[in-house]
>>> print(open('coords08.txt').read())   # compact mmCIF, C-alpha atoms
# COMPACT_ATOMS: atom_id res chain seq x y z
CA MET B 1 152.47 131.23 125.57
CA ASN B 2 152.42 127.59 126.46
CA THR B 3 153.73 125.68 123.39
CA CYS B 4 153.71 122.30 125.13
CA PRO B 5 150.42 121.02 123.60
CA LEU B 6 151.68 121.80 120.09
CA ILE B 7 154.97 120.03 120.72
CA LEU B 8 153.03 117.02 122.01
CA VAL B 9 150.88 117.00 118.87
CA ALA B 10 154.01 117.13 116.71
CA LEU B 11 155.54 114.23 118.64
CA ILE B 12 152.35 112.18 118.40
CA LEU B 13 152.15 112.90 114.65
CA ALA B 14 155.72 111.67 114.22
CA PHE B 15 154.70 108.29 115.63
CA VAL B 16 151.19 108.05 114.21
CA ILE B 17 152.19 108.66 110.60
CA PRO B 18 153.64 105.33 109.52
CA ASN B 19 155.73 106.40 106.56
CA PRO B 20 156.34 110.13 106.56
CA SER B 21 158.42 110.01 103.39
CA PHE B 22 155.40 108.74 101.45
CA GLY B 23 153.31 111.89 101.89
CA TYR B 24 153.91 114.77 99.63
CA SER B 25 152.68 117.90 101.35
CA PRO B 26 153.35 119.55 104.70
CA ARG B 27 151.89 117.54 107.56
CA GLU B 28 149.31 120.05 108.61
CA ASP B 29 145.62 119.53 108.90
CA ALA B 30 143.43 121.23 111.43
CA ARG B 31 141.04 118.30 111.59
CA LEU B 32 143.70 115.71 112.36
CA ILE B 33 145.37 117.97 114.87
CA ARG B 34 142.02 118.43 116.61
CA GLN B 35 141.45 114.68 116.59
CA ILE B 36 144.88 113.92 117.92
CA LYS B 37 144.44 116.53 120.64
CA ARG B 38 141.31 114.63 121.60
CA GLY B 39 143.27 111.38 121.57
CA GLU B 40 141.54 110.07 118.44
CA ALA B 41 143.22 108.53 115.44
CA LEU B 42 141.68 108.43 111.97
CA ASN B 43 139.60 105.28 111.62
CA HIS B 44 140.87 104.07 108.25
CA ALA B 45 138.50 101.09 108.13
CA LYS B 46 135.53 103.39 108.72
CA ILE B 47 136.77 105.78 106.04
CA ALA B 48 136.94 102.90 103.53
CA ARG B 49 133.46 101.72 104.50
CA ASP B 50 132.03 105.23 104.12
CA LEU B 51 133.68 105.68 100.73
CA VAL B 52 132.23 102.39 99.49
CA HIS B 53 128.74 103.09 100.81
CA ARG B 54 128.56 106.60 99.37
CA ALA B 55 129.73 105.50 95.93
CA ASN B 56 127.32 104.47 93.22
CA TRP B 57 130.19 103.22 91.10
CA ALA B 58 133.87 102.38 91.15
CA ALA B 59 136.73 102.53 88.68
CA LEU B 60 137.46 98.82 88.33
CA GLY B 61 140.89 97.70 87.18
CA SER B 62 141.41 94.32 85.54
CA LEU B 63 144.14 92.65 83.49
CA SER B 64 143.05 93.18 79.91
CA THR B 65 142.33 90.32 77.55
CA ASN B 66 141.18 92.66 74.77
CA LYS B 67 143.45 92.03 71.81
CA LEU B 68 144.13 95.74 71.26
CA VAL B 69 145.50 96.24 74.78
CA GLU B 70 146.31 92.72 75.89
CA GLY B 71 148.53 92.68 78.97
CA TYR B 72 147.61 96.26 79.82
CA PRO B 73 145.51 97.16 82.82
CA MET B 74 141.92 97.95 81.80
CA VAL B 75 139.84 100.37 83.88
CA ASN B 76 136.07 100.22 83.60
CA ILE B 77 133.22 102.08 85.28
CA ILE B 78 131.12 99.61 87.25
CA SER B 79 127.98 100.42 89.23
CA ILE B 80 128.17 99.01 92.74
CA ASP B 81 126.12 98.71 95.90
CA ASP B 82 126.87 97.45 99.39
CA SER B 83 123.48 98.00 101.03
CA ASP B 84 121.43 95.62 103.10
CA ALA B 85 117.64 95.44 102.78
CA ASN B 86 117.33 98.64 104.84
CA GLY B 87 119.86 100.58 102.80
CA ASN B 88 122.57 100.30 105.45
CA SER B 89 126.24 99.72 104.66
CA THR B 90 127.49 96.13 104.76
CA GLY B 91 130.87 96.76 103.12
CA ARG B 92 130.14 93.91 100.72
CA ILE B 93 130.88 95.28 97.25
CA ARG B 94 128.34 93.88 94.81
CA PHE B 95 128.11 94.55 91.10
CA LEU B 96 126.64 93.26 87.87
CA LEU B 97 128.94 92.12 85.10
CA THR B 98 128.41 90.83 81.57
CA ASP B 99 130.91 88.94 79.47
CA LEU B 100 130.06 91.35 76.64
CA ASP B 101 131.87 94.16 78.47
CA PHE B 102 135.62 94.52 79.11
CA THR B 103 135.70 93.31 82.72
CA GLY B 104 133.81 90.02 82.20
CA PRO B 105 136.39 88.20 80.07
CA ASP B 106 139.28 89.74 82.02
CA TRP B 107 138.44 88.40 85.47
CA GLN B 108 137.68 84.98 84.05
CA ARG B 109 141.18 84.67 82.60
CA ASP B 110 143.07 86.15 85.56
CA ASN B 111 140.92 86.84 88.60
CA LYS B 112 142.71 89.90 89.97
CA VAL B 113 140.85 93.17 90.21
CA THR B 114 141.14 96.48 92.08
CA PHE B 115 138.32 98.91 92.87
CA LEU B 116 139.14 102.59 93.31
CA PHE B 117 136.87 104.74 95.47
CA SER B 118 137.48 108.45 95.97
CA ASP B 119 135.70 111.25 97.78
CA GLU B 120 135.95 113.15 94.49
CA GLN B 121 133.40 110.82 92.88
CA THR B 122 130.74 112.69 94.80
CA LEU B 123 132.63 116.03 94.45
CA ARG B 124 133.28 116.15 98.20
CA CYS B 125 136.90 117.15 97.60
CA LYS B 126 136.12 119.79 95.00
CA ASP B 127 133.37 121.22 97.22
CA GLY B 128 135.83 121.25 100.14
CA GLY B 129 138.49 123.05 98.12
CA LYS B 130 140.78 120.01 97.90
CA ASP B 131 142.54 118.83 94.76
CA PRO B 132 141.51 115.26 93.89
CA MET B 133 145.15 114.10 94.16
CA GLU B 134 145.78 115.70 97.56
CA PRO B 135 146.23 112.98 100.19
CA THR B 136 143.47 114.64 102.23
CA CYS B 137 141.00 113.80 99.43
CA ALA B 138 140.24 110.35 100.85
CA ARG B 139 140.51 107.31 98.62
CA SER B 140 140.58 103.56 98.94
CA MET B 141 141.95 100.90 96.63
CA ILE B 142 140.32 97.55 97.35
CA SER B 143 141.84 94.54 95.60
CA GLY B 144 140.62 91.00 95.38
CA GLN B 145 138.83 88.40 93.33
CA VAL B 146 135.47 88.48 91.59
CA LYS B 147 133.09 85.94 93.09
CA LYS B 148 130.02 85.11 91.00
CA MET B 149 127.09 84.90 93.41
CA ASP B 150 125.02 81.74 93.48
CA PRO B 151 121.33 82.49 92.71
CA THR B 152 120.26 79.58 94.92
CA GLU B 153 121.91 81.07 98.03
CA SER B 154 119.64 82.82 100.51
CA GLY B 155 121.56 86.11 100.32
CA TYR B 156 121.31 86.37 96.55
CA GLN B 157 117.83 87.84 96.02
CA PRO B 158 118.05 90.48 98.81
CA SER B 159 121.43 91.57 97.40
CA LEU B 160 120.04 91.80 93.88
CA ASP B 161 116.97 93.67 95.13
CA ALA B 162 119.16 96.20 96.98
CA TYR B 163 121.31 96.62 93.87
CA VAL B 164 118.32 97.22 91.60
CA HIS B 165 116.82 99.60 94.14
CA ARG B 166 119.95 101.72 93.92
CA HIS B 167 120.42 101.19 90.16
CA PRO B 168 116.96 101.02 88.58
CA ALA B 169 118.56 100.92 85.10
CA ALA B 170 119.75 97.43 86.02
CA LYS B 171 116.21 96.17 85.38
CA ASN B 172 116.93 96.64 81.68
CA TRP B 173 120.42 95.17 81.89
CA LEU B 174 119.02 92.02 83.45
CA LYS B 175 116.49 91.52 80.65
CA ALA B 176 119.19 90.32 78.28
CA HIS B 177 122.93 89.96 77.82
CA ASN B 178 123.45 87.56 80.70
CA PHE B 179 124.40 89.99 83.44
CA TYR B 180 125.41 88.18 86.61
CA LEU B 181 125.65 89.42 90.19
CA CYS B 182 129.10 89.34 91.78
CA GLU B 183 130.71 90.18 95.08
CA LEU B 184 134.31 91.13 95.70
CA ASP B 185 136.33 88.66 97.74
CA ILE B 186 138.69 91.15 99.40
CA LEU B 187 142.42 90.47 99.50
CA ASN B 188 143.80 93.89 100.39
CA ILE B 189 142.58 97.37 101.28
CA PHE B 190 144.63 100.53 101.03
CA VAL B 191 143.26 103.77 102.46
CA LEU B 192 144.84 107.16 101.87
CA ASP B 193 143.13 109.84 103.91
CA PHE B 194 145.91 112.17 105.06
CA TYR B 195 149.56 113.03 104.57
CA GLY B 196 151.94 110.25 105.47
CA GLY B 197 151.09 107.55 102.96
CA PRO B 198 148.50 104.82 102.58
CA HIS B 199 147.30 102.56 105.35
CA LYS B 200 146.63 98.87 105.02
CA VAL B 201 143.28 97.80 106.44
CA SER B 202 142.39 94.14 106.90
CA ALA B 203 139.14 92.78 105.50
CA THR B 204 138.23 91.72 109.04
CA ASP B 205 138.58 95.26 110.42
CA TYR B 206 136.75 96.63 107.38
CA TYR B 207 133.75 94.34 107.80
CA ALA B 208 133.73 94.84 111.58
CA VAL B 209 132.89 98.56 111.27
CA SER B 210 129.40 99.16 112.59
CA ASN B 211 127.19 101.85 111.14
CA MET O 212 100.88 107.23 58.82
CA ASN O 213 104.09 107.19 56.83
CA THR O 214 106.48 104.79 58.61
CA CYS O 215 109.18 105.03 55.94
CA PRO O 216 111.45 107.50 57.86
CA LEU O 217 111.40 105.26 60.93
CA ILE O 218 112.27 102.18 58.87
CA LEU O 219 115.14 104.12 57.28
CA VAL O 220 116.43 105.11 60.73
CA ALA O 221 116.27 101.48 61.86
CA LEU O 222 118.18 100.37 58.76
CA ILE O 223 120.83 103.06 59.24
CA LEU O 224 121.19 102.10 62.92
CA ALA O 225 121.75 98.48 61.92
CA PHE O 226 124.77 99.54 59.86
CA VAL O 227 126.08 102.36 62.05
CA ILE O 228 126.27 100.33 65.27
CA PRO O 229 129.39 98.22 64.81
CA ASN O 230 128.74 95.41 67.25
CA PRO O 231 125.11 95.30 68.28
CA SER O 232 125.64 92.27 70.50
CA PHE O 233 127.99 94.26 72.72
CA GLY O 234 125.41 96.76 73.97
CA TYR O 235 123.12 95.81 76.77
CA SER O 236 120.01 97.91 76.51
CA PRO O 237 117.39 98.52 73.83
CA ARG O 238 118.80 100.58 71.01
CA GLU O 239 116.63 103.59 71.56
CA ASP O 240 117.76 107.10 72.13
CA ALA O 241 115.97 110.16 70.95
CA ARG O 242 119.18 112.10 70.56
CA LEU O 243 120.86 109.56 68.29
CA ILE O 244 117.73 109.08 66.25
CA ARG O 245 117.51 112.85 65.76
CA GLN O 246 121.16 112.95 64.79
CA ILE O 247 120.84 110.07 62.37
CA LYS O 248 117.75 111.68 60.84
CA ARG O 249 119.91 114.72 60.24
CA GLY O 250 122.60 112.49 58.70
CA GLU O 251 125.04 112.96 61.61
CA ALA O 252 126.96 110.23 63.40
CA LEU O 253 128.33 110.55 66.92
CA ASN O 254 131.84 111.96 66.78
CA HIS O 255 133.61 109.53 69.08
CA ALA O 256 136.97 111.33 68.84
CA LYS O 257 135.31 114.59 69.90
CA ILE O 258 133.54 112.85 72.76
CA ALA O 259 136.88 111.49 74.04
CA ARG O 260 138.50 114.93 73.73
CA ASP O 261 135.65 116.58 75.62
CA LEU O 262 135.78 113.96 78.39
CA VAL O 263 139.52 114.50 78.82
CA HIS O 264 139.28 118.29 78.81
CA ARG O 265 136.43 118.43 81.31
CA ALA O 266 138.16 116.06 83.72
CA ASN O 267 140.42 117.29 86.50
CA TRP O 268 141.50 113.74 87.22
CA ALA O 269 141.46 110.22 85.89
CA ALA O 270 141.35 106.74 87.39
CA LEU O 271 144.75 105.47 86.27
CA GLY O 272 145.36 101.75 86.00
CA SER O 273 148.85 100.28 86.23
CA LEU O 274 150.35 96.84 86.79
CA SER O 275 151.08 96.73 90.50
CA THR O 276 154.57 96.27 91.88
CA ASN O 277 153.39 96.73 95.48
CA LYS O 278 154.29 93.55 97.32
CA LEU O 279 150.82 93.21 98.85
CA VAL O 280 149.08 93.15 95.47
CA GLU O 281 151.88 92.32 93.07
CA GLY O 282 150.59 91.24 89.67
CA TYR O 283 147.21 92.85 90.34
CA PRO O 284 146.01 95.91 88.51
CA MET O 285 146.36 99.03 90.67
CA VAL O 286 144.00 101.96 90.16
CA ASN O 287 145.05 105.38 91.40
CA ILE O 288 143.49 108.84 91.26
CA ILE O 289 145.73 111.14 89.26
CA SER O 290 145.14 114.83 88.58
CA ILE O 291 145.46 115.63 84.89
CA ASP O 292 145.33 118.56 82.50
CA ASP O 293 145.38 118.84 78.72
CA SER O 294 145.18 122.63 78.37
CA ASP O 295 147.29 124.94 76.26
CA ALA O 296 148.40 128.35 77.55
CA ASN O 297 144.93 129.73 76.81
CA GLY O 298 143.11 126.93 78.60
CA ASN O 299 142.01 125.24 75.38
CA SER O 300 141.95 121.47 74.90
CA THR O 301 145.00 119.87 73.28
CA GLY O 302 144.10 116.25 74.04
CA ARG O 303 147.61 115.78 75.47
CA ILE O 304 147.09 114.12 78.85
CA ARG O 305 149.64 115.52 81.29
CA PHE O 306 150.09 114.59 84.92
CA LEU O 307 152.50 114.74 87.84
CA LEU O 308 153.81 111.51 89.33
CA THR O 309 156.11 110.68 92.22
CA ASP O 310 157.89 107.41 92.81
CA LEU O 311 156.61 107.57 96.39
CA ASP O 312 153.07 106.85 95.17
CA PHE O 313 151.71 103.59 93.69
CA THR O 314 151.85 104.56 90.02
CA GLY O 315 155.49 105.72 89.90
CA PRO O 316 157.18 102.39 90.54
CA ASP O 317 154.55 100.53 88.48
CA TRP O 318 155.06 102.28 85.15
CA GLN O 319 158.82 102.08 85.51
CA ARG O 320 158.73 98.30 85.77
CA ASP O 321 156.11 97.68 83.06
CA ASN O 322 155.12 100.79 81.13
CA LYS O 323 151.48 99.97 80.42
CA VAL O 324 148.76 102.20 81.78
CA THR O 325 145.09 102.98 81.12
CA PHE O 326 143.23 106.18 81.98
CA LEU O 327 139.48 106.02 82.57
CA PHE O 328 137.39 109.13 81.96
CA SER O 329 133.64 109.21 82.55
CA ASP O 330 130.94 111.82 82.33
CA GLU O 331 130.00 110.75 85.86
CA GLN O 332 133.19 112.30 87.24
CA THR O 333 131.51 115.66 86.86
CA LEU O 334 128.07 114.22 87.77
CA ARG O 335 126.78 114.86 84.23
CA CYS O 336 125.20 111.41 84.13
CA LYS O 337 123.61 111.62 87.56
CA ASP O 338 122.29 115.09 86.77
CA GLY O 339 120.91 113.75 83.47
CA GLY O 340 119.19 110.83 85.16
CA LYS O 341 121.57 108.23 83.72
CA ASP O 342 123.13 105.39 85.68
CA PRO O 343 126.95 105.62 85.56
CA MET O 344 127.15 102.17 83.95
CA GLU O 345 124.57 102.90 81.24
CA PRO O 346 126.30 102.98 77.83
CA THR O 347 124.82 106.46 77.31
CA CYS O 348 126.92 107.74 80.24
CA ALA O 349 129.91 108.49 78.01
CA ARG O 350 133.31 107.10 78.96
CA SER O 351 136.71 106.66 77.41
CA MET O 352 139.53 104.27 78.24
CA ILE O 353 142.83 105.60 76.93
CA SER O 354 145.79 103.23 77.10
CA GLY O 355 149.43 103.86 76.45
CA GLN O 356 152.82 104.51 77.94
CA VAL O 357 153.98 107.10 80.47
CA LYS O 358 156.48 109.48 78.93
CA LYS O 359 158.51 111.56 81.38
CA MET O 360 158.72 115.07 79.93
CA ASP O 361 162.12 116.63 79.38
CA PRO O 362 162.44 119.93 81.34
CA THR O 363 164.80 121.30 78.67
CA GLU O 364 162.17 120.94 75.91
CA SER O 365 160.39 124.12 74.86
CA GLY O 366 156.93 122.68 75.59
CA TYR O 367 157.77 121.69 79.15
CA GLN O 368 157.33 124.96 81.05
CA PRO O 369 154.04 126.01 79.37
CA SER O 370 152.65 122.53 80.07
CA LEU O 371 153.70 122.70 83.71
CA ASP O 372 152.31 126.22 84.04
CA ALA O 373 148.96 125.11 82.60
CA TYR O 374 148.92 122.13 84.96
CA VAL O 375 149.65 124.24 88.04
CA HIS O 376 147.07 126.79 86.93
CA ARG O 377 144.45 124.04 86.98
CA HIS O 378 145.85 122.31 90.07
CA PRO O 379 147.21 125.01 92.40
CA ALA O 380 147.90 122.34 95.06
CA ALA O 381 150.66 121.09 92.75
CA LYS O 382 152.80 124.04 93.88
CA ASN O 383 153.23 122.21 97.19
CA TRP O 384 153.76 118.81 95.55
CA LEU O 385 156.59 120.24 93.49
CA LYS O 386 158.38 121.62 96.53
CA ALA O 387 159.53 118.16 97.55
CA HIS O 388 159.18 114.47 96.83
CA ASN O 389 160.51 114.62 93.28
CA PHE O 390 157.30 114.94 91.35
CA TYR O 391 157.89 114.82 87.62
CA LEU O 392 155.69 115.93 84.73
CA CYS O 393 154.56 113.22 82.33
CA GLU O 394 152.50 112.91 79.17
CA LEU O 395 150.63 109.86 77.96
CA ASP O 396 151.94 108.33 74.74
CA ILE O 397 148.63 107.00 73.41
CA LEU O 398 148.40 103.45 72.07
CA ASN O 399 144.64 102.89 72.01
CA ILE O 400 141.41 104.78 72.69
CA PHE O 401 138.06 103.17 73.41
CA VAL O 402 134.95 105.34 73.55
CA LEU O 403 131.59 104.11 74.78
CA ASP O 404 128.90 106.72 74.28
CA PHE O 405 125.79 104.79 73.26
CA TYR O 406 124.29 101.31 72.99
CA GLY O 407 126.12 99.04 70.59
CA GLY O 408 129.51 98.68 72.20
CA PRO O 409 132.75 100.64 72.35
CA HIS O 410 134.39 102.38 69.41
CA LYS O 411 138.08 102.41 68.71
CA VAL O 412 139.44 105.89 67.98
CA SER O 413 142.93 106.39 66.60
CA ALA O 414 145.31 108.80 68.30
CA THR O 415 145.55 110.68 64.99
CA ASP O 416 141.78 111.27 64.83
CA TYR O 417 141.73 112.15 68.53
CA TYR O 418 144.44 114.79 68.23
CA ALA O 419 142.93 116.12 64.96
CA VAL O 420 139.74 117.27 66.71
CA SER O 421 139.59 121.05 66.66
CA ASN O 422 137.97 123.00 69.46
>>> encode(input="coords08.txt", output="structure tokens")
Amino acid sequence: MNTCPLILVALILAFVIPNPSFGYSPREDARLIRQIKRGEALNHAKIARDLVHRANWAALGSLSTNKLVEGYPMVNIISIDDSDANGNSTGRIRFLLTDLDFTGPDWQRDNKVTFLFSDEQTLRCKDGGKDPMEPTCARSMISGQVKKMDPTESGYQPSLDAYVHRHPAAKNWLKAHNFYLCELDILNIFVLDFYGGPHKVSATDYYAVSN
Amino acid sequence: MNTCPLILVALILAFVIPNPSFGYSPREDARLIRQIKRGEALNHAKIARDLVHRANWAALGSLSTNKLVEGYPMVNIISIDDSDANGNSTGRIRFLLTDLDFTGPDWQRDNKVTFLFSDEQTLRCKDGGKDPMEPTCARSMISGQVKKMDPTESGYQPSLDAYVHRHPAAKNWLKAHNFYLCELDILNIFVLDFYGGPHKVSATDYYAVSN
């Protein structure tokens, strides 16, 4: 039996995985091994983009200003959309906020937020027999600042239309309570999609992914 | 037509809903109106307990110590379990952490965390035609401190066994990388399950819910 290809795969894995001590399961995955045999690496930017586009919502962390948990992280469920007018992914994470909810006052005092996206939101991990905390259950943590969109800008109305198309309930939210459309100004992207620890993806590489 | 029952319901709603300005949709829901007609109020503690017990995971917020996003909130996906030896709900949120992941170093520098649970994690809102951000898509934010469990305590092994029963992948996690079992020491519980804003539930009321 010729074991050379397997040894090569093992050697390649040793170099490809940036921080082997970070992972917490044996480094075995048929898919990755097949990809590496074909000379492909996982496209972490594409994985982040796909996670964002598939998700209807994110778990959004902020620094709490609520007096009962002041100084704690708050995590809220926020409906999001990144579609263009044709429903295609843009990567631009847009969302409606109101100052009557937890997140609104938080970002305005200290504008630091993190969005969590996971393949388990759509049950892709469960359906694939993967535990939601397994590194192979892909996730992305996208941190940055909330940017209130300017209704006079040309991109505003198409973005709002796409959002409402995906979240028809937003028609009611917009009738009162001063909801405002925001976009995330991305500072940092982590992607964890396999054993070996998270990968840092730049906003430039993330936005450069084509559909 | 006798409108008196409807007026009574409206009056009761006005008193039952603690902060009407917080909600962001018309206060109409056939289920609540039926409940209030029957003299029932929503049991927020029970709703939180059910959310926790149904969930296999939570979005866990911490205060980031990662140098790329230091001072930001971090949000991680953490597998949880609250079952007793018979699989019944105890409300005690237990989870495995490793210092090689984001959350481990964070809680040890500033022990303030928040767990988000939502009915959308199991697609109950989507399947019921509710947007994940609608207040009727029930959610709970449970804040507190991470408590590392003591392996010599009598409750430790049954808790770990229940956790591994629910998360068989944990058998591999425990083989290396110094995963440790933790329980959340609850400081504050918010429950949002209807229009009108979140409810505060005490840890005592939460743990007192019987199955």
>>> atom_distance(input="coords08.txt", atom1="atom CA of Pro316 of chain O", atom2="atom CA of Tyr374 of chain O")
22.1 Å
>>> closest_residue(input="coords08.txt", among="O:Gly315, O:Pro362, O:Gly408, O:Gly302", to="chain B", atoms="all atoms listed in the file")
O:Gly408
>>> closest_residue(input="coords08.txt", among="B:Asp84, B:Ala203, B:Glu120, B:Ser79", to="Cys348 of chain O", atoms="all atoms listed in the file")
B:Ser79
>>> residues_around(input="coords08.txt", residues="Asp81 of chain B", least_positions_apart="5", cutoff="9 Å", atoms="all atoms listed in the file", output="list in words")
Val52, His53, Arg54, Ala55, Asn56, Trp57, Ser89, Gly91, Arg92, Ile93, Arg94, Phe95, Ser159, Ala162, Tyr163, Arg166 and His167 of chain B
>>> closest_residue(input="coords08.txt", among="O:Arg320, O:Asp396, O:Val412, O:Met352", to="chain B", atoms="only C-alpha atoms")
O:Met352
>>> residues_around(input="coords08.txt", residues="Lys46 of chain B", least_positions_apart="5", cutoff="10 Å", atoms="all atoms listed in the file", output="PyMOL selection string")
chain B and resi 51-52+91+191+201+205-211
>>> closest_residue(input="coords08.txt", among="O:Ile258, O:Ala252, O:Leu385, O:Cys393", to="Asp361 of chain O", atoms="all atoms listed in the file")
O:Cys393
>>> atom_distance(input="coords08.txt", atom1="atom CA of Leu398 of chain O", atom2="atom CA of Ser354 of chain O")
5.7 Å
>>> closest_residue(input="coords08.txt", among="O:Ser413, O:Asn299, O:Gln368, O:Ser294", to="chain B", atoms="only C-alpha atoms")
O:Ser413
>>> closest_residue(input="coords08.txt", among="B:Ile186, B:Leu68, B:Leu42, B:Val146", to="chain O", atoms="all atoms listed in the file")
B:Leu68
>>> residues_around(input="coords08.txt", residues="Ala381 of chain O", least_positions_apart="5", cutoff="12 Å", atoms="all atoms listed in the file", output="PyMOL selection string")
(chain B and resi 24-25+130-135) or (chain O and resi 289-292+306-309+371-376+386-392)
